[in-house]
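Q: Supplied in structure tokens, the structure appears directly below.
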Amino acid sequence: MDPAEFRRAGHRLVEWIADYLEHSDRYPVLSRARPGEIRAALPQSAPETGEPFDRIFEDFERIVLPGITHWNHPGFMAYFAITGSGPGVLAEFLSAALNAQGMLWRTSPSVTELEEVALGWLRQLIGLPPAFEGVIYDTASVSSTHALASAREAKIPGVRELGLPGRADLPRLRVYCSEHAHSSIDKGVILLGLGHTALRRIPADDQFRMLPAALHQAIRDDKAAGFLPMAVVATVGTTSTTSVDPVPAIADIAEAEGLWLHVDAAYAGVAAMIPEYRHILEGCDRADSLVVNPHKWLFTPFDLSAFFCRRMDVLRHAFSLTPEYLRTVETAPVRNLMDTGVQLGRRFRALKLWMILRHFGAAGLRARLAEHMRLARLFAGWVDTHPDFERVAPVPFSVVCFRAKPTGREWTEADLETLNQELLDSINNKGDVFLSHTKLDGRFVLRLAIGHLGTTEHHVRLAWDELTGGLPALCR
Ligand SMILES: Cc1ncc(COP(=O)(O)O)c(C=O)c1O
């Protein structure tokens with residue numbers, strides 16, 4: 001692209017993005033595209049000759065945009081709602097322009113050192129001690145997989161050299177997590193060659209928190225049956241209900257049994273920045289590793305997962321490998337990011353975290369997180385006082401689990417599921433707000449998640465009005 005065209009297209013794009021960030025609620029949140037529609041509207045092969053940017057952009061608006069579900073929309077309240085904030089978007093521009101690759105300190109000292117600084121700031125903000133060294137990965141799934149790989153490294157002598165298959169000296173391994181832990185833990189266990197059955201899910205109490213006594217019993221039973229317990233994963237902010245496992249009690253057990261303790265705080269960990277929420281990470285100073293995702297609830301454009309580890313030497317032992325062509329000699333010891341994980345190349349994700357922390361400031365971040373939690377409590381209060389709705393889980397953070405259960409009639413679980421699914425579809429199809437669902441103890445449940453910076457009381461009220469307004473027609 002010649003510089004003049006870049007300048008012109010760039011100005012146009014910046015204008016478009018500024019407008020989008022301000023008015024994304026112009027679009028229906030949930031894409032109305034039918035399966036295959038976007039693909040069918042595009043040519044089957046690449047153009048032989050290059051095309052001007054304006055024409056490409058026309059197709060972006062005409063074909064691609066209708067196939068976008070607008071996560072960066074104040075009405076997006078599904079899954080975990082997120083924000084690609086202005087400073088984060090600008091940082092991504094810069095990062096793409098620099099195209100810096102931080103595999104080695106030498107290949108861009110700022111990529112390595114800004115990552116150290118930004119993660120150090122984040123660590124202090126959430127109250128983890130300095131013994132935790134940080135590294136940025138793309139997602140919590142990858143962070144947790146690295147945690148489990150480190151646990152395997154710590155537990156199994158010679159695993160790096162000999163692997164697992166065919167070793168008569170090794171019993172079957174076990175990893176423990178609650179029945180509400182995220183599926184990324186299953187995938188980590190599968191990827192590491194432990195076999196899916198190595199993951200044992202521990203029952204939770206009536207507030208969806210892992211039962212430590214059940215964990216300890218499971219470990220004892222497994223040992224008696226010849227298994228080798230390897231790691232336990234506690235969750236601070238489970239995916240369905242955002243429940244917080246009792247980490248101090250789990251840490252006691254992990255210590256007593258010699259297990260690696262990993263804490264998945266992907267969504268809720270950032271709330272520990274707020275003094276009244278500091279307790280949610282109680283006991284995490286005793287964990288071996290912890291993940292928190294700025295791309296979930298810290299206004300960071302996808303993707304950026306912060307992995308903190310108290311035993312990074314173990315992780316380095318598992319993954320560092322330096323071929324001659326990557327050997328460097330520096331005037332002082334340096335960190336090379338390629339040593340802390342599977343991937344060699346590292347993109348400059350720290351830039352956006354650093355810019356976001358500076359742009360909002362700690363007080364600004366705390367205020368926004370607190371406001372999201374206030375909005376969630378407000379919505380929960382409406383649910384609690386409406387005769388035709390019920391709340392089905394506590395609201396520790398910014399997610400509300402609830403369902404319609406109209407009075408004046410006996411409902412079977414199957415009928416309630418149909419009713420709530422229809423209600424969900426009807427409001428999502430309107431396009432103003434987008435909610436999702438989960439199942440709790442076999443019950444189909446709606447979830448309203450607040451996490452977008454543009455979401456205000458108006459949007460939460462809109463969701464509630466559409467839910468309560470849509471219900472009578474479905475009950476006829
Ligand atoms: C508790 C928890 N852990 C991990 C993940 C996986 O996150 P990622 O998409 O960053 O892999 C999620 C996703 O929602 C989650 O809720």
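In the structure tokens, chains take letters A, B, ... by order of appearance, with residues numbered from 1 within each chain and ligands from 1 in the order shown.
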Apply DSSP to the structure's backbone, then extract all residues of region 214-322 of chain A labelled alpha helix (DSSP H) and return them as number ranges by chain.

A: A: 214-224, 247-257, 294-297, 312-319

Q: Set the cut-off to 9 Å, count only C-alpha atoms and all ligand atoms, and list whatever residues fall near ligand 1 as a PyMOL selection string.

A: chain A and resi 79-80+138-144+180-185+235-240+242+264-268+291-293+295-296+302-305

Q: Next, write the just-selected residues to a file, as a short mmCIF file (atom, residue, chain, number, x, y, z; two decimals), in the first residue's frame, keeping C-alpha atoms as the atom set.

A:
data_model
loop_
_atom_site.label_atom_id
_atom_site.label_comp_id
_atom_site.auth_asym_id
_atom_site.auth_seq_id
_atom_site.Cartn_x
_atom_site.Cartn_y
_atom_site.Cartn_z
CA TYR A 79 -21.19 -15.35 28.16
CA PHE A 80 -18.75 -12.90 29.78
CA ASP A 138 -3.30 -15.48 24.25
CA THR A 139 -6.06 -17.13 26.30
CA ALA A 140 -6.81 -18.61 29.71
CA SER A 141 -7.06 -22.00 28.02
CA VAL A 142 -3.41 -21.74 27.04
CA SER A 143 -2.43 -20.30 30.44
CA SER A 144 -4.08 -23.18 32.29
CA HIS A 180 -18.14 -26.07 37.68
CA ALA A 181 -14.58 -25.56 36.38
CA HIS A 182 -14.18 -24.41 32.79
CA SER A 183 -13.82 -26.91 29.96
CA SER A 184 -10.34 -25.52 29.22
CA ILE A 185 -9.09 -27.68 32.09
CA THR A 235 -11.74 -21.37 40.22
CA VAL A 236 -12.32 -17.80 41.32
CA GLY A 237 -15.33 -16.83 39.24
CA THR A 238 -16.73 -19.97 37.64
CA THR A 239 -18.10 -19.69 34.14
CA SER A 240 -21.77 -20.37 34.84
CA THR A 242 -19.05 -16.82 38.99
CA ASP A 264 -8.38 -20.05 37.30
CA ALA A 265 -9.39 -16.45 38.02
CA ALA A 266 -9.80 -15.69 34.31
CA TYR A 267 -12.93 -13.60 34.73
CA ALA A 268 -13.17 -12.49 38.35
CA VAL A 291 -4.50 -16.90 35.48
CA VAL A 292 -6.44 -13.69 35.05
CA ASN A 293 -7.73 -12.45 31.70
CA HIS A 295 -9.48 -9.54 27.78
CA LYS A 296 -12.44 -10.63 29.89
CA PHE A 302 -9.17 -9.88 22.69
CA ASP A 303 -6.70 -11.55 23.27
CA LEU A 304 -4.58 -11.16 26.40
CA SER A 305 -4.31 -13.62 29.25
#

Q: Which residues, written as an mmCIF file with all heavy atoms, in the first residue's frame, have at least one atom at most 10 Å from Glu330 (chain A), with only C-alpha atoms counted and residues fewer than 4 positions away on the same chain left out?

A:
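part_22.cif, freshly written:
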data_model
loop_
_atom_site.group_PDB
_atom_site.id
_atom_site.type_symbol
_atom_site.label_atom_id
_atom_site.label_comp_id
_atom_site.auth_asym_id
_atom_site.auth_seq_id
_atom_site.Cartn_x
_atom_site.Cartn_y
_atom_site.Cartn_z
ATOM 1 N N TRP A 105 14.705 -11.445 24.081
ATOM 2 C CA TRP A 105 14.860 -10.070 24.550
ATOM 3 C C TRP A 105 15.423 -9.214 23.419
ATOM 4 O O TRP A 105 14.947 -8.124 23.137
ATOM 5 C CB TRP A 105 15.790 -10.060 25.768
ATOM 6 C CG TRP A 105 16.041 -8.683 26.288
ATOM 7 C CD1 TRP A 105 15.275 -7.990 27.162
ATOM 8 C CD2 TRP A 105 17.133 -7.831 25.934
ATOM 9 N NE1 TRP A 105 15.806 -6.750 27.381
ATOM 10 C CE2 TRP A 105 16.955 -6.628 26.636
ATOM 11 C CE3 TRP A 105 18.244 -7.959 25.080
ATOM 12 C CZ2 TRP A 105 17.849 -5.558 26.528
ATOM 13 C CZ3 TRP A 105 19.127 -6.899 24.973
ATOM 14 C CH2 TRP A 105 18.929 -5.714 25.694
ATOM 15 N N ARG A 106 16.408 -9.767 22.722
ATOM 16 C CA ARG A 106 17.107 -9.036 21.663
ATOM 17 C C ARG A 106 16.176 -8.646 20.505
ATOM 18 O O ARG A 106 16.364 -7.625 19.859
ATOM 19 C CB ARG A 106 18.257 -9.925 21.139
ATOM 20 C CG ARG A 106 18.977 -9.465 19.939
ATOM 21 C CD ARG A 106 20.364 -8.922 20.207
ATOM 22 N NE ARG A 106 20.487 -8.104 21.399
ATOM 23 C CZ ARG A 106 20.597 -6.772 21.381
ATOM 24 N NH1 ARG A 106 20.547 -6.106 20.261
ATOM 25 N NH2 ARG A 106 20.760 -6.108 22.501
ATOM 26 N N VAL A 334 19.111 -11.691 30.760
ATOM 27 C CA VAL A 334 17.815 -11.214 30.241
ATOM 28 C C VAL A 334 16.837 -12.378 30.238
ATOM 29 O O VAL A 334 17.228 -13.545 30.272
ATOM 30 C CB VAL A 334 17.931 -10.666 28.797
ATOM 31 C CG1 VAL A 334 18.767 -9.407 28.760
ATOM 32 C CG2 VAL A 334 18.466 -11.723 27.839
#

Q: Skip region 372-379 of chain A itself and residues of its chain fewer than 4 positions away, then list as number ranges by chain all residues within 6 Å of it, counting only C-alpha atoms.

A: A: 397-398, 450

Q: Using only C-alpha atoms, which protein or nucleic acid residues come within 6 Å of Arg209 (chain A)? Drop anything in the same chain fewer than 3 positions from it, and give the result as a PDB file with C-alpha atoms, in the first residue's frame.

A:
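Once everything was written out, this is out33.pdb:
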ATOM      1  CA  ALA A 204     -19.805 -28.339  44.821  1.00  0.00           C
ATOM      2  CA  ASP A 205     -22.013 -26.950  47.596  1.00  0.00           C
ATOM      3  CA  SER A 243     -18.813 -18.752  42.272  1.00  0.00           C
ATOM      4  CA  VAL A 244     -15.526 -18.651  44.181  1.00  0.00           C
ATOM      5  CA  ASP A 245     -13.965 -21.917  45.328  1.00  0.00           C
TER       6      ASP A 245
END

Q: Counting only C-alpha atoms, what is within 10 Å of Leu122 (chain A), bar same-chain residues fewer than 5 positions away, as a list in words?

A: Glu116, Val117, Gly127, Leu128, Gly134, Val270, Met273, Val292, Pro294, Ala306, Leu353, Trp354, Leu357 and Ala362 of chain A
